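Data block for my_file-v7.cif (mmCIF, C-alpha atoms):
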```
data_my_file
loop_
_atom_site.group_PDB
_atom_site.id
_atom_site.type_symbol
_atom_site.label_atom_id
_atom_site.label_comp_id
_atom_site.auth_asym_id
_atom_site.auth_seq_id
_atom_site.Cartn_x
_atom_site.Cartn_y
_atom_site.Cartn_z
ATOM 1 C CA MET X 1 -65.954 6.924 -65.772
ATOM 2 C CA PRO X 2 -66.062 5.719 -62.198
ATOM 3 C CA HIS X 3 -69.482 5.001 -60.758
ATOM 4 C CA LEU X 4 -69.363 5.151 -56.959
ATOM 5 C CA ILE X 5 -72.208 3.673 -54.978
ATOM 6 C CA VAL X 6 -71.986 4.761 -51.352
ATOM 7 C CA GLU X 7 -73.934 2.578 -48.950
ATOM 8 C CA CYS X 8 -74.143 3.905 -45.413
ATOM 9 C CA SER X 9 -76.113 3.941 -42.213
ATOM 10 C CA GLU X 10 -78.528 6.854 -42.325
ATOM 11 C CA ASN X 11 -76.947 8.249 -39.144
ATOM 12 C CA VAL X 12 -74.005 9.579 -41.174
ATOM 13 C CA PHE X 13 -76.354 12.296 -42.484
ATOM 14 C CA LYS X 14 -76.500 13.715 -38.950
ATOM 15 C CA LYS X 15 -72.817 14.577 -39.322
ATOM 16 C CA HIS X 16 -72.783 15.842 -42.941
ATOM 17 C CA ASP X 17 -75.356 16.698 -45.559
ATOM 18 C CA PRO X 18 -75.623 14.064 -48.348
ATOM 19 C CA ASP X 19 -74.831 16.655 -51.020
ATOM 20 C CA LYS X 20 -71.639 17.626 -49.185
ATOM 21 C CA ILE X 21 -70.605 13.963 -48.943
ATOM 22 C CA ILE X 22 -71.236 13.434 -52.655
ATOM 23 C CA GLN X 23 -69.349 16.576 -53.676
ATOM 24 C CA SER X 24 -66.399 15.783 -51.382
ATOM 25 C CA ILE X 25 -66.063 12.263 -52.806
ATOM 26 C CA TYR X 26 -66.420 13.602 -56.360
ATOM 27 C CA ASN X 27 -63.711 16.222 -55.776
ATOM 28 C CA THR X 28 -61.373 13.628 -54.278
ATOM 29 C CA VAL X 29 -61.827 11.127 -57.098
ATOM 30 C CA THR X 30 -61.304 13.685 -59.861
ATOM 31 C CA THR X 31 -57.877 14.633 -58.437
ATOM 32 C CA VAL X 32 -56.536 11.121 -59.050
ATOM 33 C CA ASP X 33 -54.634 10.778 -62.325
ATOM 34 C CA SER X 34 -56.766 9.240 -65.105
ATOM 35 C CA PHE X 35 -60.068 9.704 -63.277
ATOM 36 C CA GLU X 36 -61.489 12.541 -65.322
ATOM 37 C CA ASN X 37 -64.526 14.615 -64.419
ATOM 38 C CA ASN X 38 -66.818 11.893 -65.756
ATOM 39 C CA VAL X 39 -67.556 10.572 -62.243
ATOM 40 C CA MET X 40 -70.917 9.501 -60.844
ATOM 41 C CA VAL X 41 -71.559 9.298 -57.095
ATOM 42 C CA ARG X 42 -74.765 7.955 -55.529
ATOM 43 C CA ILE X 43 -75.669 7.375 -51.888
ATOM 44 C CA ILE X 44 -77.973 4.672 -50.562
ATOM 45 C CA PRO X 45 -78.716 5.115 -46.840
ATOM 46 C CA TYR X 46 -79.831 2.182 -44.711
ATOM 47 C CA LYS X 47 -82.157 2.304 -41.736
ATOM 48 C CA TYR X 48 -82.159 -1.438 -41.105
ATOM 49 C CA TYR X 49 -78.834 -3.312 -41.088
ATOM 50 C CA THR X 50 -76.285 -5.187 -39.041
ATOM 51 C CA THR X 51 -72.523 -4.926 -39.320
ATOM 52 C CA LEU X 52 -70.783 -7.992 -37.921
ATOM 53 C CA GLY X 53 -73.675 -8.607 -35.539
ATOM 54 C CA VAL X 54 -73.937 -5.040 -34.195
ATOM 55 C CA LYS X 55 -75.537 -1.833 -35.414
ATOM 56 C CA ASP X 56 -72.413 0.301 -35.819
ATOM 57 C CA ASP X 57 -72.500 3.130 -38.314
ATOM 58 C CA PHE X 58 -70.803 2.317 -41.598
ATOM 59 C CA ILE X 59 -69.822 3.687 -44.992
ATOM 60 C CA TYR X 60 -69.073 1.139 -47.734
ATOM 61 C CA ILE X 61 -68.212 2.267 -51.242
ATOM 62 C CA PHE X 62 -68.456 0.103 -54.324
ATOM 63 C CA ALA X 63 -66.483 1.791 -57.098
ATOM 64 C CA ASN X 64 -67.132 0.454 -60.586
ATOM 65 C CA ILE X 65 -64.418 1.580 -62.979
ATOM 66 C CA LEU X 66 -63.507 0.865 -66.582
ATOM 67 C CA GLU X 67 -60.655 -1.617 -66.910
ATOM 68 C CA GLY X 68 -57.147 -0.435 -67.737
ATOM 69 C CA ARG X 69 -56.056 1.603 -64.707
ATOM 70 C CA THR X 70 -52.756 0.722 -63.051
ATOM 71 C CA LEU X 71 -52.633 -0.919 -59.640
ATOM 72 C CA ASP X 72 -50.957 2.202 -58.216
ATOM 73 C CA ASN X 73 -53.699 4.360 -59.680
ATOM 74 C CA LYS X 74 -56.407 2.204 -58.089
ATOM 75 C CA LYS X 75 -54.582 2.157 -54.734
ATOM 76 C CA THR X 76 -54.316 5.958 -54.765
ATOM 77 C CA PHE X 77 -58.000 6.186 -55.631
ATOM 78 C CA SER X 78 -58.956 3.916 -52.703
ATOM 79 C CA LYS X 79 -56.629 5.495 -50.153
ATOM 80 C CA ASN X 80 -57.667 9.050 -51.026
ATOM 81 C CA VAL X 81 -61.364 8.272 -50.681
ATOM 82 C CA ILE X 82 -60.914 6.451 -47.362
ATOM 83 C CA ALA X 83 -58.650 9.226 -45.993
ATOM 84 C CA LEU X 84 -61.334 11.777 -46.879
ATOM 85 C CA LEU X 85 -64.091 9.787 -45.197
ATOM 86 C CA LYS X 86 -61.998 9.119 -42.070
ATOM 87 C CA GLU X 87 -61.449 12.862 -41.785
ATOM 88 C CA MET X 88 -65.122 13.671 -42.334
ATOM 89 C CA PHE X 89 -66.407 10.845 -40.094
ATOM 90 C CA PRO X 90 -63.839 10.109 -37.367
ATOM 91 C CA ASP X 91 -66.459 8.350 -35.217
ATOM 92 C CA VAL X 92 -67.710 5.944 -37.909
ATOM 93 C CA PRO X 93 -66.024 2.612 -37.104
ATOM 94 C CA LYS X 94 -66.539 0.860 -40.436
ATOM 95 C CA ILE X 95 -65.410 2.624 -43.613
ATOM 96 C CA SER X 96 -64.261 0.685 -46.667
ATOM 97 C CA ILE X 97 -64.057 0.731 -50.453
ATOM 98 C CA ASN X 98 -64.067 -2.019 -53.042
ATOM 99 C CA ILE X 99 -63.018 -1.339 -56.631
ATOM 100 C CA ARG X 100 -64.562 -3.485 -59.337
ATOM 101 C CA GLU X 101 -63.485 -3.224 -62.964
ATOM 102 C CA PHE X 102 -65.813 -3.676 -65.897
ATOM 103 C CA GLU X 103 -64.755 -4.594 -69.422
ATOM 104 C CA ARG X 104 -64.480 -1.940 -72.084
ATOM 105 C CA ALA X 105 -65.669 -4.465 -74.704
ATOM 106 C CA THR X 106 -68.977 -5.127 -72.954
ATOM 107 C CA PHE X 107 -69.783 -1.667 -71.592
ATOM 108 C CA VAL X 108 -72.535 0.156 -73.482
ATOM 109 C CA ASN X 109 -74.536 3.236 -72.649
ATOM 110 C CA ASN X 110 -77.194 5.072 -74.621
ATOM 111 C CA SER X 111 -74.769 7.634 -76.097
ATOM 112 C CA MET X 112 -72.829 4.803 -77.737
ATOM 113 C CA LEU X 113 -75.760 3.575 -79.843
#
```
Would you mind writing the file out in structure tokens?
Amino acid sequence: MPHLIVECSENVFKKHDPDKIIQSIYNTVTTVDSFENNVMVRIIPYKYYTTLGVKDDFIYIFANILEGRTLDNKKTFSKNVIALLKEMFPDVPKISINIREFERATFVNNSML
């Protein structure tokens, strides 16, 4: 159940519609082995920011995933998402992803109660 939080400069929406970005990321993630269709993608655009002292456009993804995936699986996940975004946004100089795992033992949502 990956939860992807996409933070970006709002200028990226001039190149692609937010819904297209979300759907493209969703489609890419669900093709990776063990990342079923239970994927959530959200976008937070920024108007005010600095990236290393300049105002370059950026796309940073924080992917929160349930523990237990293999290193190869996580690398494929990361590389596929970045390859997609590089193709969609060749002029955006800063694109990155960070995968964070959360513990199965401490994860609870309302359907589990």
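For the pair atom CA of X:Ile82 and atom CA of X:Leu52, the separation is 19.9 Å.
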* **Who sits within 8 Å of stretch 56-73 of chain X, all atoms listed in the file, same chain under 6 positions skipped, as a list in words** => Met1, Pro2, His3, Leu4, Ile5, Val6, Glu7, Cys8, Ser9, Asn11, Val12, Val32, Asp33, Ser34, Thr50, Val92, Pro93, Lys94, Ile95, Ser96, Ile97, Asn98, Ile99, Arg100, Glu101, Phe102, Glu103 and Arg104 of chain X
* To do: Just give me the residues with any atom within 7 Å of (-62.8, 7.7, -58.9), file coordinates, counting all atoms listed in the file, written as a PyMOL selection string.
  => chain X and resi 2+29-30+35+39+77
* Evaluate the PyMOL selection byres ((chain X and resi 84) around 12) and report residues as a VMD selection string -> chain X and resid 21 to 29 59 77 to 83 85 to 90 95 to 97
Please write the residues from the selection above to a file, keeping C-alpha atoms, as a JSON list (two decimals), in the frame of the given file.
```json
[["chain", "number", "residue", "atom", "x", "y", "z"],
["X", 21, "ILE", "CA", -70.60, 13.96, -48.94],
["X", 22, "ILE", "CA", -71.24, 13.43, -52.66],
["X", 23, "GLN", "CA", -69.35, 16.58, -53.68],
["X", 24, "SER", "CA", -66.40, 15.78, -51.38],
["X", 25, "ILE", "CA", -66.06, 12.26, -52.81],
["X", 26, "TYR", "CA", -66.42, 13.60, -56.36],
["X", 27, "ASN", "CA", -63.71, 16.22, -55.78],
["X", 28, "THR", "CA", -61.37, 13.63, -54.28],
["X", 29, "VAL", "CA", -61.83, 11.13, -57.10],
["X", 59, "ILE", "CA", -69.82, 3.69, -44.99],
["X", 77, "PHE", "CA", -58.00, 6.19, -55.63],
["X", 78, "SER", "CA", -58.96, 3.92, -52.70],
["X", 79, "LYS", "CA", -56.63, 5.50, -50.15],
["X", 80, "ASN", "CA", -57.67, 9.05, -51.03],
["X", 81, "VAL", "CA", -61.36, 8.27, -50.68],
["X", 82, "ILE", "CA", -60.91, 6.45, -47.36],
["X", 83, "ALA", "CA", -58.65, 9.23, -45.99],
["X", 85, "LEU", "CA", -64.09, 9.79, -45.20],
["X", 86, "LYS", "CA", -62.00, 9.12, -42.07],
["X", 87, "GLU", "CA", -61.45, 12.86, -41.78],
["X", 88, "MET", "CA", -65.12, 13.67, -42.33],
["X", 89, "PHE", "CA", -66.41, 10.84, -40.09],
["X", 90, "PRO", "CA", -63.84, 10.11, -37.37],
["X", 95, "ILE", "CA", -65.41, 2.62, -43.61],
["X", 96, "SER", "CA", -64.26, 0.68, -46.67],
["X", 97, "ILE", "CA", -64.06, 0.73, -50.45]]
```
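Across the structure, atom CA of X:Pro45 and atom CA of X:Thr106 are spaced 29.7 Å apart.
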* Separation of atom CA of X:Asp91 from atom CA of X:Lys15 in Å -> 9.8 Å
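For the residues X:Lys74, X:Glu10, X:Ile43, X:Asn38, ranking by smallest atom-to-atom distance to X:Lys55 using all atoms listed in the file places X:Glu10 first.
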Output as a PDB file, keeping the file's coordinate frame: stretch 5-29 of chain X, completed with N, CA and C atoms.
```
ATOM      1  N   ILE X   5     -70.971   3.898 -55.710  1.00  0.00           N
ATOM      2  CA  ILE X   5     -72.208   3.673 -54.978  1.00  0.00           C
ATOM      3  C   ILE X   5     -71.831   3.634 -53.499  1.00  0.00           C
ATOM      4  N   VAL X   6     -72.296   4.626 -52.774  1.00  0.00           N
ATOM      5  CA  VAL X   6     -71.986   4.761 -51.352  1.00  0.00           C
ATOM      6  C   VAL X   6     -73.160   4.202 -50.569  1.00  0.00           C
ATOM      7  N   GLU X   7     -72.925   3.127 -49.847  1.00  0.00           N
ATOM      8  CA  GLU X   7     -73.934   2.578 -48.950  1.00  0.00           C
ATOM      9  C   GLU X   7     -73.522   2.973 -47.540  1.00  0.00           C
ATOM     10  N   CYS X   8     -74.487   3.442 -46.760  1.00  0.00           N
ATOM     11  CA  CYS X   8     -74.143   3.905 -45.413  1.00  0.00           C
ATOM     12  C   CYS X   8     -75.346   3.801 -44.482  1.00  0.00           C
ATOM     13  N   SER X   9     -75.035   3.826 -43.198  1.00  0.00           N
ATOM     14  CA  SER X   9     -76.113   3.941 -42.213  1.00  0.00           C
ATOM     15  C   SER X   9     -76.648   5.366 -42.314  1.00  0.00           C
ATOM     16  N   GLU X  10     -77.952   5.526 -42.153  1.00  0.00           N
ATOM     17  CA  GLU X  10     -78.528   6.854 -42.325  1.00  0.00           C
ATOM     18  C   GLU X  10     -78.063   7.851 -41.265  1.00  0.00           C
ATOM     19  N   ASN X  11     -77.477   7.359 -40.179  1.00  0.00           N
ATOM     20  CA  ASN X  11     -76.947   8.249 -39.144  1.00  0.00           C
ATOM     21  C   ASN X  11     -75.822   9.145 -39.632  1.00  0.00           C
ATOM     22  N   VAL X  12     -75.112   8.742 -40.696  1.00  0.00           N
ATOM     23  CA  VAL X  12     -74.005   9.579 -41.174  1.00  0.00           C
ATOM     24  C   VAL X  12     -74.516  10.936 -41.654  1.00  0.00           C
ATOM     25  N   PHE X  13     -75.796  11.026 -42.031  1.00  0.00           N
ATOM     26  CA  PHE X  13     -76.354  12.296 -42.484  1.00  0.00           C
ATOM     27  C   PHE X  13     -76.541  13.290 -41.332  1.00  0.00           C
ATOM     28  N   LYS X  14     -76.454  12.807 -40.100  1.00  0.00           N
ATOM     29  CA  LYS X  14     -76.500  13.715 -38.950  1.00  0.00           C
ATOM     30  C   LYS X  14     -75.192  14.489 -38.830  1.00  0.00           C
ATOM     31  N   LYS X  15     -74.136  13.947 -39.414  1.00  0.00           N
ATOM     32  CA  LYS X  15     -72.817  14.577 -39.322  1.00  0.00           C
ATOM     33  C   LYS X  15     -72.527  15.477 -40.518  1.00  0.00           C
ATOM     34  N   HIS X  16     -72.978  15.056 -41.721  1.00  0.00           N
ATOM     35  CA  HIS X  16     -72.783  15.842 -42.941  1.00  0.00           C
ATOM     36  C   HIS X  16     -73.971  15.651 -43.869  1.00  0.00           C
ATOM     37  N   ASP X  17     -74.288  16.716 -44.569  1.00  0.00           N
ATOM     38  CA  ASP X  17     -75.356  16.698 -45.559  1.00  0.00           C
ATOM     39  C   ASP X  17     -74.981  15.760 -46.716  1.00  0.00           C
ATOM     40  N   PRO X  18     -75.923  14.977 -47.239  1.00  0.00           N
ATOM     41  CA  PRO X  18     -75.623  14.064 -48.348  1.00  0.00           C
ATOM     42  C   PRO X  18     -74.970  14.751 -49.545  1.00  0.00           C
ATOM     43  N   ASP X  19     -75.426  15.951 -49.890  1.00  0.00           N
ATOM     44  CA  ASP X  19     -74.831  16.655 -51.020  1.00  0.00           C
ATOM     45  C   ASP X  19     -73.367  17.005 -50.767  1.00  0.00           C
ATOM     46  N   LYS X  20     -73.035  17.339 -49.527  1.00  0.00           N
ATOM     47  CA  LYS X  20     -71.639  17.626 -49.185  1.00  0.00           C
ATOM     48  C   LYS X  20     -70.787  16.361 -49.293  1.00  0.00           C
ATOM     49  N   ILE X  21     -71.324  15.239 -48.851  1.00  0.00           N
ATOM     50  CA  ILE X  21     -70.605  13.963 -48.943  1.00  0.00           C
ATOM     51  C   ILE X  21     -70.342  13.632 -50.410  1.00  0.00           C
ATOM     52  N   ILE X  22     -71.371  13.735 -51.229  1.00  0.00           N
ATOM     53  CA  ILE X  22     -71.236  13.434 -52.655  1.00  0.00           C
ATOM     54  C   ILE X  22     -70.193  14.336 -53.304  1.00  0.00           C
ATOM     55  N   GLN X  23     -70.277  15.634 -53.056  1.00  0.00           N
ATOM     56  CA  GLN X  23     -69.349  16.576 -53.676  1.00  0.00           C
ATOM     57  C   GLN X  23     -67.918  16.349 -53.188  1.00  0.00           C
ATOM     58  N   SER X  24     -67.737  16.039 -51.919  1.00  0.00           N
ATOM     59  CA  SER X  24     -66.399  15.783 -51.382  1.00  0.00           C
ATOM     60  C   SER X  24     -65.781  14.546 -52.018  1.00  0.00           C
ATOM     61  N   ILE X  25     -66.563  13.481 -52.155  1.00  0.00           N
ATOM     62  CA  ILE X  25     -66.063  12.263 -52.806  1.00  0.00           C
ATOM     63  C   ILE X  25     -65.746  12.553 -54.269  1.00  0.00           C
ATOM     64  N   TYR X  26     -66.631  13.237 -54.955  1.00  0.00           N
ATOM     65  CA  TYR X  26     -66.420  13.602 -56.360  1.00  0.00           C
ATOM     66  C   TYR X  26     -65.113  14.380 -56.524  1.00  0.00           C
ATOM     67  N   ASN X  27     -64.922  15.398 -55.691  1.00  0.00           N
ATOM     68  CA  ASN X  27     -63.711  16.222 -55.776  1.00  0.00           C
ATOM     69  C   ASN X  27     -62.455  15.393 -55.535  1.00  0.00           C
ATOM     70  N   THR X  28     -62.526  14.474 -54.595  1.00  0.00           N
ATOM     71  CA  THR X  28     -61.373  13.628 -54.278  1.00  0.00           C
ATOM     72  C   THR X  28     -61.045  12.693 -55.437  1.00  0.00           C
ATOM     73  N   VAL X  29     -62.048  12.076 -56.006  1.00  0.00           N
ATOM     74  CA  VAL X  29     -61.827  11.127 -57.098  1.00  0.00           C
ATOM     75  C   VAL X  29     -61.266  11.826 -58.337  1.00  0.00           C
TER      76      VAL X  29
END
```
